[in-house]
file structure_30.cif (mmCIF, C-alpha atoms)
data_entry
loop_
_atom_site.label_atom_id
_atom_site.label_comp_id
_atom_site.auth_asym_id
_atom_site.auth_seq_id
_atom_site.Cartn_x
_atom_site.Cartn_y
_atom_site.Cartn_z
CA MET A 1 -3.42 8.11 26.64
CA PRO A 2 -5.91 5.41 27.77
CA LYS A 3 -7.95 3.63 25.15
CA THR A 4 -11.54 4.72 24.62
CA ILE A 5 -14.45 2.35 25.16
CA PHE A 6 -18.09 3.02 24.30
CA VAL A 7 -20.66 1.26 26.48
CA VAL A 8 -24.00 1.32 24.62
CA ASP A 9 -27.02 0.17 26.63
CA ASP A 10 -30.50 1.55 27.35
CA ASN A 11 -30.21 0.41 30.98
CA ASP A 12 -28.66 3.01 33.31
CA ILE A 13 -27.59 0.37 35.86
CA ASN A 14 -25.65 -1.57 33.22
CA LEU A 15 -23.98 1.63 32.05
CA SER A 16 -23.00 2.52 35.62
CA VAL A 17 -21.62 -0.93 36.46
CA ALA A 18 -19.60 -1.11 33.25
CA LYS A 19 -18.14 2.36 33.73
CA GLU A 20 -17.20 1.63 37.32
CA ALA A 21 -15.47 -1.60 36.30
CA LEU A 22 -13.44 -0.04 33.48
CA LYS A 23 -12.81 3.59 34.35
CA SER A 24 -9.54 3.00 36.22
CA GLN A 25 -7.86 1.71 33.07
CA TYR A 26 -9.86 3.10 30.17
CA ARG A 27 -11.63 6.22 29.01
CA VAL A 28 -15.25 5.07 29.24
CA LEU A 29 -18.11 6.86 27.49
CA THR A 30 -21.62 5.62 28.31
CA VAL A 31 -24.24 5.93 25.59
CA PRO A 32 -27.99 5.23 26.08
CA SER A 33 -28.81 4.22 22.48
CA ALA A 34 -27.28 3.12 19.18
CA ALA A 35 -28.44 6.32 17.49
CA ARG A 36 -26.58 8.40 20.08
CA MET A 37 -23.53 6.19 19.56
CA PHE A 38 -23.41 7.04 15.86
CA ASP A 39 -23.79 10.73 16.66
CA LEU A 40 -20.85 10.50 19.07
CA MET A 41 -18.72 8.62 16.53
CA GLU A 42 -18.74 11.66 14.27
CA LYS A 43 -16.42 13.24 16.85
CA ILE A 44 -14.75 10.31 18.63
CA THR A 45 -13.57 6.93 17.35
CA PRO A 46 -13.53 4.28 20.11
CA ASP A 47 -11.01 1.47 20.41
CA LEU A 48 -13.76 -0.98 21.40
CA ILE A 49 -17.55 -0.96 21.70
CA LEU A 50 -19.62 -2.81 24.32
CA LEU A 51 -23.00 -3.04 22.61
CA ASP A 52 -26.27 -4.22 24.11
CA ILE A 53 -28.37 -6.42 21.80
CA GLU A 54 -31.84 -5.66 23.18
CA MET A 55 -32.47 -1.95 22.71
CA PRO A 56 -35.52 -0.06 21.41
CA GLU A 57 -35.49 1.76 18.05
CA MET A 58 -32.20 0.18 16.90
CA ASN A 59 -31.04 -3.12 18.35
CA GLY A 60 -27.48 -4.39 18.59
CA PHE A 61 -27.59 -6.40 15.38
CA GLU A 62 -28.86 -3.44 13.38
CA ALA A 63 -26.17 -1.20 14.88
CA LEU A 64 -23.47 -3.79 14.18
CA GLN A 65 -24.57 -4.03 10.55
CA LEU A 66 -24.21 -0.26 10.13
CA LEU A 67 -20.79 -0.32 11.77
CA LYS A 68 -19.54 -3.02 9.43
CA GLU A 69 -20.85 -1.16 6.38
CA ASN A 70 -18.81 1.93 7.28
CA ALA A 71 -15.16 1.67 6.15
CA LEU A 72 -14.02 4.00 8.93
CA HIS A 73 -15.68 1.95 11.68
CA SER A 74 -15.70 -1.61 10.38
CA GLY A 75 -12.46 -2.55 12.12
CA ILE A 76 -13.55 -1.50 15.63
CA PRO A 77 -13.93 -4.58 17.88
CA VAL A 78 -17.53 -5.01 19.09
CA VAL A 79 -18.49 -7.06 22.16
CA PHE A 80 -22.18 -7.85 22.59
CA LEU A 81 -23.80 -7.40 26.00
CA THR A 82 -26.75 -9.75 26.34
CA SER A 83 -28.96 -11.62 28.79
CA MET A 84 -29.83 -14.10 26.01
CA THR A 85 -27.86 -17.35 25.75
CA ASP A 86 -29.40 -18.68 22.55
CA ALA A 87 -26.81 -20.47 20.33
CA THR A 88 -28.51 -19.12 17.22
CA ILE A 89 -28.03 -15.55 18.41
CA GLU A 90 -24.35 -16.20 19.17
CA ALA A 91 -23.81 -17.78 15.75
CA ARG A 92 -25.46 -14.83 14.04
CA GLY A 93 -23.34 -12.36 16.04
CA PHE A 94 -20.04 -14.05 15.23
CA GLU A 95 -21.05 -14.37 11.59
CA MET A 96 -21.64 -10.61 11.45
CA GLY A 97 -18.25 -9.86 13.00
CA VAL A 98 -18.77 -9.47 16.75
CA VAL A 99 -15.62 -10.50 18.64
CA ASP A 100 -17.24 -11.75 21.87
CA PHE A 101 -20.34 -11.99 24.07
CA VAL A 102 -20.57 -10.91 27.71
CA ALA A 103 -23.59 -12.15 29.64
CA LYS A 104 -25.69 -9.79 31.77
CA PRO A 105 -25.68 -9.27 34.61
CA PHE A 106 -21.89 -9.21 34.27
CA SER A 107 -19.24 -9.12 36.97
CA ALA A 108 -16.65 -6.34 36.91
CA PRO A 109 -13.58 -8.69 36.88
CA VAL A 110 -14.98 -10.77 33.99
CA LEU A 111 -15.81 -7.67 31.96
CA LEU A 112 -12.38 -6.14 32.60
CA ASN A 113 -10.52 -9.33 31.62
CA ARG A 114 -12.53 -9.73 28.44
CA ILE A 115 -11.79 -6.15 27.41
CA LYS A 116 -8.07 -6.53 28.17
CA SER A 117 -7.97 -9.71 26.13
CA HIS A 118 -9.45 -8.18 23.00
CA LEU A 119 -7.51 -4.94 23.15
CA ASN A 120 -4.27 -6.86 23.73
CA ILE A 121 -5.03 -9.09 20.75
CA ASP A 122 -5.48 -5.96 18.65
CA GLU A 123 -2.07 -4.68 19.79
CA ILE A 124 -0.43 -8.05 19.11
CA ILE A 125 -1.89 -8.13 15.60
CA LYS A 126 -0.67 -4.59 14.92
CA GLU A 127 2.83 -5.44 16.17
CA ARG A 128 3.00 -8.64 14.12
CA THR A 129 1.77 -6.79 11.04
CA SER A 130 4.42 -4.14 11.60
CA LYS A 131 7.14 -6.80 11.96
CA LEU A 132 6.01 -8.52 8.75
CA GLN A 133 6.03 -5.18 6.94
CA ARG A 134 9.59 -4.51 8.12
CA LEU A 135 10.67 -8.00 7.05
CA GLN A 136 9.00 -7.57 3.67
CA ASN A 137 10.74 -4.22 3.12
CA SER A 138 14.10 -5.68 4.17
CA ILE A 139 13.76 -8.49 1.62
CA ILE A 140 12.88 -6.00 -1.10
CA TYR A 141 15.85 -3.76 -0.28
CA VAL A 142 18.34 -6.63 -0.10
CA LEU A 143 17.12 -8.20 -3.35
CA ALA A 144 17.18 -4.86 -5.17
CA ASP A 145 20.69 -4.13 -3.85
CA MET A 146 21.91 -7.55 -5.02
CA VAL A 147 20.75 -6.77 -8.54
CA GLU A 148 22.21 -3.27 -8.51
CA ASN A 149 25.57 -4.42 -7.18
CA ARG A 150 25.95 -6.71 -10.20
CA ASP A 151 25.31 -3.82 -12.61
CA HIS A 152 28.42 -1.70 -12.06
CA GLY A 153 27.18 1.17 -14.20
CA THR A 154 23.95 1.94 -12.35
CA GLY A 155 25.00 2.80 -8.80
CA GLY A 156 22.16 4.44 -6.87
CA HIS A 157 19.69 3.77 -9.69
CA VAL A 158 17.15 2.01 -7.46
CA ASP A 159 17.13 4.75 -4.82
CA ARG A 160 16.83 7.52 -7.39
CA THR A 161 14.14 5.90 -9.53
CA THR A 162 12.09 5.13 -6.42
CA ALA A 163 12.36 8.77 -5.35
CA TYR A 164 11.42 10.00 -8.86
CA LEU A 165 8.43 7.65 -8.96
CA LYS A 166 7.26 8.89 -5.56
CA VAL A 167 7.39 12.52 -6.73
CA LEU A 168 5.52 11.79 -9.97
CA THR A 169 2.84 9.57 -8.40
CA GLN A 170 2.17 11.97 -5.54
CA SER A 171 1.82 14.90 -7.91
CA ALA A 172 -0.50 12.94 -10.23
CA LEU A 173 -2.79 12.20 -7.30
CA GLU A 174 -2.69 15.81 -6.09
CA GLN A 175 -3.61 17.03 -9.57
CA GLY A 176 -6.45 14.50 -9.90
CA LEU A 177 -4.87 12.41 -12.66
CA TYR A 178 -5.57 8.66 -12.81
CA THR A 179 -7.28 8.69 -9.43
CA ASP A 180 -9.30 5.61 -10.44
CA GLU A 181 -6.08 3.64 -10.95
CA LEU A 182 -3.96 5.17 -8.19
CA GLY A 183 -6.41 6.46 -5.60
CA ASN A 184 -7.26 3.10 -4.01
CA LEU A 185 -3.67 1.84 -3.85
CA ASP A 186 -1.50 1.85 -0.73
CA PHE A 187 0.98 4.57 -1.69
CA GLU A 188 3.90 3.33 0.42
CA ILE A 189 3.53 -0.27 -0.77
CA LEU A 190 3.33 0.93 -4.37
CA VAL A 191 6.51 3.00 -4.08
CA THR A 192 8.49 0.38 -2.15
CA SER A 193 7.62 -2.39 -4.61
CA ALA A 194 9.05 -0.27 -7.45
CA ARG A 195 12.50 -1.11 -6.12
CA LEU A 196 12.13 -4.50 -7.79
CA HIS A 197 11.54 -3.15 -11.30
CA ASP A 198 14.95 -4.44 -12.50
CA VAL A 199 14.98 -7.68 -10.49
CA GLY A 200 15.07 -9.65 -13.76
CA LYS A 201 18.61 -8.39 -14.41
CA ILE A 202 19.80 -10.98 -11.91
CA THR A 203 19.46 -13.51 -14.77
CA ILE A 204 21.54 -11.49 -17.25
CA SER A 205 25.22 -12.45 -17.58
CA ASP A 206 27.90 -10.08 -16.29
CA THR A 207 29.39 -9.97 -19.79
CA ILE A 208 26.28 -8.28 -21.14
CA LEU A 209 25.25 -6.40 -18.01
CA ASN A 210 28.63 -4.70 -17.63
CA LYS A 211 29.71 -4.45 -21.26
CA PRO A 212 31.50 -1.08 -21.68
CA ASP A 213 30.38 -0.72 -25.31
CA LYS A 214 27.04 -0.61 -27.08
CA LEU A 215 25.27 -3.96 -27.10
CA THR A 216 24.87 -5.97 -30.28
CA GLU A 217 21.35 -6.71 -31.49
CA GLU A 218 21.61 -10.23 -30.08
CA GLU A 219 22.89 -8.97 -26.74
CA PHE A 220 20.16 -6.34 -26.59
CA GLU A 221 17.51 -9.02 -27.10
CA ILE A 222 18.96 -10.87 -24.11
CA MET A 223 19.03 -7.66 -22.06
CA LYS A 224 15.37 -7.00 -22.93
CA SER A 225 14.46 -10.34 -21.34
CA HIS A 226 15.04 -8.83 -17.88
CA THR A 227 11.41 -7.67 -18.03
CA THR A 228 9.85 -11.10 -18.50
CA GLU A 229 12.47 -12.68 -16.24
CA GLY A 230 11.50 -10.20 -13.54
CA GLU A 231 7.87 -11.25 -13.88
CA ARG A 232 8.89 -14.91 -13.71
CA ILE A 233 10.93 -14.40 -10.54
CA ILE A 234 8.09 -12.60 -8.81
CA GLU A 235 5.61 -15.25 -9.95
CA GLN A 236 7.86 -17.86 -8.31
CA ILE A 237 7.81 -15.89 -5.06
CA VAL A 238 4.00 -15.69 -5.24
CA SER A 239 3.78 -19.42 -5.93
CA ARG A 240 5.97 -20.34 -2.98
CA ALA A 241 4.25 -17.86 -0.66
CA GLY A 242 0.86 -19.22 -1.68
CA GLU A 243 -0.58 -15.72 -1.70
CA ASP A 244 -0.38 -12.79 -4.10
CA GLU A 245 0.39 -9.90 -1.74
CA ALA A 246 -0.23 -6.36 -2.99
CA PHE A 247 3.45 -5.46 -3.06
CA LEU A 248 4.22 -8.52 -5.22
CA SER A 249 1.41 -7.63 -7.64
CA HIS A 250 2.83 -4.11 -8.01
CA ALA A 251 6.40 -5.39 -8.28
CA LYS A 252 5.45 -7.75 -11.11
CA LEU A 253 3.84 -4.93 -13.08
CA PHE A 254 6.80 -2.62 -12.52
CA ALA A 255 9.21 -5.37 -13.64
CA GLY A 256 7.27 -6.44 -16.70
CA TYR A 257 6.04 -3.17 -18.16
CA HIS A 258 8.52 -0.35 -17.45
CA HIS A 259 9.93 -0.57 -21.02
CA GLU A 260 6.58 -0.42 -22.82
CA ARG A 261 5.89 2.71 -24.87
CA TRP A 262 2.74 4.77 -25.26
CA ASP A 263 2.85 4.25 -29.06
CA GLY A 264 3.11 0.45 -28.77
CA ARG A 265 6.74 0.17 -29.92
CA GLY A 266 8.14 -0.85 -26.55
CA TYR A 267 8.86 -4.27 -25.11
CA PRO A 268 8.25 -7.03 -24.11
CA TYR A 269 4.57 -7.04 -25.14
CA GLY A 270 4.19 -4.04 -27.44
CA LEU A 271 1.22 -2.68 -25.50
CA ASN A 272 0.05 0.87 -26.11
CA GLN A 273 -1.63 3.71 -24.25
CA ASP A 274 -3.90 2.71 -21.34
CA ASP A 275 -3.33 -0.99 -22.01
CA ILE A 276 0.03 -0.48 -20.30
CA PRO A 277 -0.47 -0.83 -16.52
CA ILE A 278 -0.12 2.46 -14.68
CA GLN A 279 2.92 1.06 -12.85
CA GLY A 280 4.76 0.65 -16.14
CA ARG A 281 3.74 4.07 -17.47
CA ILE A 282 4.95 5.88 -14.36
CA MET A 283 8.18 3.90 -13.97
CA ALA A 284 9.08 4.71 -17.59
CA PHE A 285 9.63 8.35 -16.61
CA ALA A 286 11.76 7.52 -13.59
CA ASP A 287 13.81 4.89 -15.41
CA VAL A 288 14.47 6.92 -18.58
CA TYR A 289 15.20 10.17 -16.77
CA ASP A 290 17.76 8.46 -14.53
CA ALA A 291 19.37 6.73 -17.51
CA LEU A 292 19.64 10.05 -19.35
CA VAL A 293 21.22 12.09 -16.55
CA SER A 294 23.58 9.29 -15.45
CA GLU A 295 26.98 8.61 -16.96
CA ARG A 296 27.50 5.16 -18.42
CA PRO A 297 30.64 3.52 -19.80
CA TYR A 298 29.23 3.97 -23.30
CA LYS A 299 27.81 7.52 -22.94
CA LYS A 300 28.15 10.81 -21.12
CA ALA A 301 25.42 12.13 -18.82
CA PHE A 302 22.84 14.50 -20.27
CA THR A 303 22.07 17.68 -18.35
CA HIS A 304 18.77 17.95 -16.51
CA GLU A 305 17.53 20.39 -19.15
CA GLU A 306 18.45 18.05 -22.00
CA ALA A 307 16.80 15.07 -20.30
CA THR A 308 13.65 17.07 -19.58
CA LYS A 309 13.43 18.17 -23.22
CA ILE A 310 13.85 14.60 -24.49
CA ILE A 311 11.02 13.37 -22.25
CA GLU A 312 8.79 16.31 -23.18
CA GLU A 313 9.35 15.61 -26.88
CA GLY A 314 8.49 11.96 -26.26
CA ALA A 315 4.98 12.76 -25.03
CA GLY A 316 2.47 10.69 -26.99
CA THR A 317 5.14 8.44 -28.50
CA GLN A 318 7.37 6.99 -25.79
CA PHE A 319 5.56 8.48 -22.80
CA ASP A 320 2.01 8.86 -21.52
CA PRO A 321 1.15 12.47 -22.57
CA HIS A 322 -0.96 13.08 -19.47
CA LEU A 323 1.81 11.97 -17.13
CA THR A 324 4.27 14.03 -19.19
CA ARG A 325 2.29 17.11 -18.19
CA ILE A 326 2.70 16.09 -14.55
CA PHE A 327 6.42 15.42 -15.09
CA ILE A 328 6.96 18.92 -16.52
CA SER A 329 5.23 20.43 -13.49
CA VAL A 330 7.62 18.65 -11.09
CA GLU A 331 10.78 18.46 -13.21
CA ASP A 332 12.62 20.66 -10.72
CA ASP A 333 11.90 18.07 -8.01
CA PHE A 334 13.52 15.46 -10.26
CA ARG A 335 16.57 17.70 -10.50
CA LYS A 336 16.73 17.99 -6.71
CA VAL A 337 16.59 14.21 -6.26
CA GLY A 338 19.54 13.83 -8.63
CA GLN A 339 21.51 16.53 -6.81
CA GLU A 340 21.06 14.73 -3.49
CA GLU A 341 23.15 11.83 -4.74
#
call {"tool": "encode", "arguments": {"input": "structure_30.cif", "output": "C-alpha cells"}}
result
Amino acid sequence: MPKTIFVVDDNDINLSVAKEALKSQYRVLTVPSAARMFDLMEKITPDLILLDIEMPEMNGFEALQLLKENALHSGIPVVFLTSMTDATIEARGFEMGVVDFVAKPFSAPVLLNRIKSHLNIDEIIKERTSKLQRLQNSIIYVLADMVENRDHGTGGHVDRTTAYLKVLTQSALEQGLYTDELGNLDFEILVTSARLHDVGKITISDTILNKPDKLTEEEFEIMKSHTTEGERIIEQIVSRAGEDEAFLSHAKLFAGYHHERWDGRGYPYGLNQDDIPIQGRIMAFADVYDALVSERPYKKAFTHEEATKIIEEGAGTQFDPHLTRIFISVEDDFRKVGQEE
C-alpha cells in the first residue's frame, strides 16, 4: 500500500500542484487548513506532512507545536512549505523538529525527490533499529545460554522463567496491578532482559555451581554473590557501551533483586516490600516456582499443586502479596508452561 502524505495549504493551486507531483507514487490527501488536518488525523495517520507556514487562523509553527505535543503524532516527519527564505525562520523550524523546507513555488521533481529522501531515511532508520534489536536479543540469548550450560542442574530454566514472568506480568497489567510501575515499560524488552537474571552465575566456580549435595554455609554465601556479580557484569556492559539502554537497566534489576523477600529477609540487600524493584518482585515468583517443580541432584521435584501452595503460603513473607493474588489466578498457565518442556 502506498504511503500517505498530507498536503496542508490554504492555496488551492499549491494543493493541486503538490498532488499532481506526488499522486503517482503516494496516497495524497490535500487539506485547506491546519484545523482540518487535525480533524482528518483522528481517522488517518499520515506517513509525512507537507505543511504551509503562512496560513490564517493557525499557522504552520502553531500546527507543528501541537503535532509535537501529541505522543501519537510527534514522530511524523513534517516538511514546511514556504515562500519565506529568512534564516531565523529556518532555524526556528529545525529547532521545533521540522525535517526540511521546500520553497514555493516548488517544482514537481524537487518536491518528489525531497519526499522520497525523507521517507527512505525513515525506512532506513526502522531497518537499522530492527537489526540492532535482533543483535541485542542474540547477545542476550547467547549470554544466558552460556550461563545455563555451566549449571548442569537447571536445563531450560531461562526459557521457563521467562515464560512464567511473561504470564505474570501480562496478567498484572490486565488486572490493573502496578500499572504505574509496569504500564510505561516496553513489555517485550522487559521480558527479554529477564533472561539475564542469573548472569552472575558465570563467576561462580563449577565446584559450587554443580555440587550434587546441599551447599555449606560458606558455599551458599559464595552462591548468593551471583546477584551482585550479575549487577557488576551488566554495569561493565553499560560502561563500555557508554549508554544505559532500557534492556540493560531491566537486566540489572532482575539480576540484583530476584532473591529479595517481601519481609526484608532476602539477599543481597535485605530490602522489603515496595523498596524491592518490581523486576525483582516478579522474577521471584518465576524463579522459585521453577526451582520447586524442577528436579535437582539434591532434591526431588515438587508437584505443581505443592509448589503453588508453598508460594501462596509465602504471601506477605517471601512474596509480594498483591502479586501472589495474580499468581493464583494464573497458576494453571504456569502449569502449562512447565508441561511444554
call {"tool": "resolve_selection", "arguments": {"input": "structure_30.cif", "expression": "the PyMOL selection byres ((chain A and resi 80) around 9)", "output": "list in words"}}
result
Ile49, Leu50, Leu51, Asp52, Ile53, Gly60, Val78, Val79, Leu81, Thr82, Gly93, Val98, Val99, Asp100, Phe101, Val102 and Ala103 of chain A
call {"tool": "write_last_selection", "arguments": {"input": "structure_30.cif", "atoms": "C-alpha atoms", "output": "PDB file, in the frame of the given file"}}
result
ATOM      1  CA  ILE A  49     -17.550  -0.960  21.700  1.00  0.00           C
ATOM      2  CA  LEU A  50     -19.620  -2.810  24.320  1.00  0.00           C
ATOM      3  CA  LEU A  51     -23.000  -3.040  22.610  1.00  0.00           C
ATOM      4  CA  ASP A  52     -26.270  -4.220  24.110  1.00  0.00           C
ATOM      5  CA  ILE A  53     -28.370  -6.420  21.800  1.00  0.00           C
ATOM      6  CA  GLY A  60     -27.480  -4.390  18.590  1.00  0.00           C
ATOM      7  CA  VAL A  78     -17.530  -5.010  19.090  1.00  0.00           C
ATOM      8  CA  VAL A  79     -18.490  -7.060  22.160  1.00  0.00           C
ATOM      9  CA  LEU A  81     -23.800  -7.400  26.000  1.00  0.00           C
ATOM     10  CA  THR A  82     -26.750  -9.750  26.340  1.00  0.00           C
ATOM     11  CA  GLY A  93     -23.340 -12.360  16.040  1.00  0.00           C
ATOM     12  CA  VAL A  98     -18.770  -9.470  16.750  1.00  0.00           C
ATOM     13  CA  VAL A  99     -15.620 -10.500  18.640  1.00  0.00           C
ATOM     14  CA  ASP A 100     -17.240 -11.750  21.870  1.00  0.00           C
ATOM     15  CA  PHE A 101     -20.340 -11.990  24.070  1.00  0.00           C
ATOM     16  CA  VAL A 102     -20.570 -10.910  27.710  1.00  0.00           C
ATOM     17  CA  ALA A 103     -23.590 -12.150  29.640  1.00  0.00           C
TER      18      ALA A 103
END
call {"tool": "closest_residue", "arguments": {"input": "structure_30.cif", "among": "A:Val288, A:Val293, A:Ile282, A:Met55", "to": "Ile311 in chain A", "atoms": "all atoms listed in the file"}}
result
A:Val288
call {"tool": "atom_distance", "arguments": {"input": "structure_30.cif", "atom1": "CA of Pro109 in chain A", "atom2": "CA of Leu22 in chain A"}}
result
9.3 Å
call {"tool": "atom_distance", "arguments": {"input": "structure_30.cif", "atom1": "CA of Tyr269 in chain A", "atom2": "CA of Ala291 in chain A"}}
result
21.6 Å
call {"tool": "closest_residue", "arguments": {"input": "structure_30.cif", "among": "A:Glu245, A:Ser329, A:Arg296, A:Pro32", "to": "Lys214 in chain A", "atoms": "only C-alpha atoms"}}
result
A:Arg296
call {"tool": "atom_distance", "arguments": {"input": "structure_30.cif", "atom1": "CA of Ile89 in chain A", "atom2": "CA of Gln65 in chain A"}}
result
14.4 Å
call {"tool": "residues_around", "arguments": {"input": "structure_30.cif", "residues": "Arg281 in chain A", "least_positions_apart": "5", "cutoff": "9 Å", "atoms": "all atoms listed in the file", "output": "list in words"}}
result
Phe254, Tyr257, His258, His259, Glu260, Arg261, Trp262, Gln273, Asp274, Ile276, Phe319, Asp320 and Leu323 of chain A
call {"tool": "resolve_selection", "arguments": {"input": "structure_30.cif", "expression": "the PyMOL selection byres ((chain A and resi 198) around 10)", "output": "list in words"}}
result
Ala144, Val147, Glu148, His157, Val158, Ala194, Arg195, Leu196, His197, Val199, Gly200, Lys201, Ile202, His226, Thr227, Glu229, Gly230, Glu231, Ala251, Phe254, Ala255, Gly256, His258 and Asp287 of chain A
call {"tool": "resolve_selection", "arguments": {"input": "structure_30.cif", "expression": "the PyMOL selection byres ((chain A and resi 263) around 8)", "output": "list of chain:residue names"}}
result
A:Arg261, A:Trp262, A:Gly264, A:Arg265, A:Gly266, A:Leu271, A:Asn272, A:Gln273, A:Gly316, A:Thr317, A:Gln318
call {"tool": "closest_residue", "arguments": {"input": "structure_30.cif", "among": "A:Glu181, A:Glu95, A:Ile328, A:Met41", "to": "Asn70 in chain A", "atoms": "all atoms listed in the file"}}
result
A:Met41
call {"tool": "axis_aligned_box", "arguments": {"input": "structure_30.cif", "around": "range 57-65 of chain A", "padding_each_side": "5 Å", "output": "JSON"}}
result
{"center_x": -29.5, "center_y": -2.3, "center_z": 14.6, "size_x": 22.0, "size_y": 18.2, "size_z": 18.0}
call {"tool": "closest_residue", "arguments": {"input": "structure_30.cif", "among": "A:Ile222, A:Phe106, A:Thr161, A:Gln170", "to": "Gly183 in chain A", "atoms": "all atoms listed in the file"}}
result
A:Gln170
call {"tool": "residues_around", "arguments": {"input": "structure_30.cif", "residues": "Thr45 in chain A", "least_positions_apart": "3", "cutoff": "12 Å", "atoms": "only C-alpha atoms", "output": "VMD selection string"}}
result
chain A and resid 3 to 6 27 29 37 to 42 48 to 49 67 72 to 77
call {"tool": "closest_residue", "arguments": {"input": "structure_30.cif", "among": "A:Leu112, A:Lys224, A:Val8, A:Glu219", "to": "Lys23 in chain A", "atoms": "all atoms listed in the file"}}
result
A:Leu112
call {"tool": "closest_residue", "arguments": {"input": "structure_30.cif", "among": "A:Pro321, A:Pro46, A:Gly280, A:Pro105", "to": "Val17 in chain A", "atoms": "only C-alpha atoms"}}
result
A:Pro105
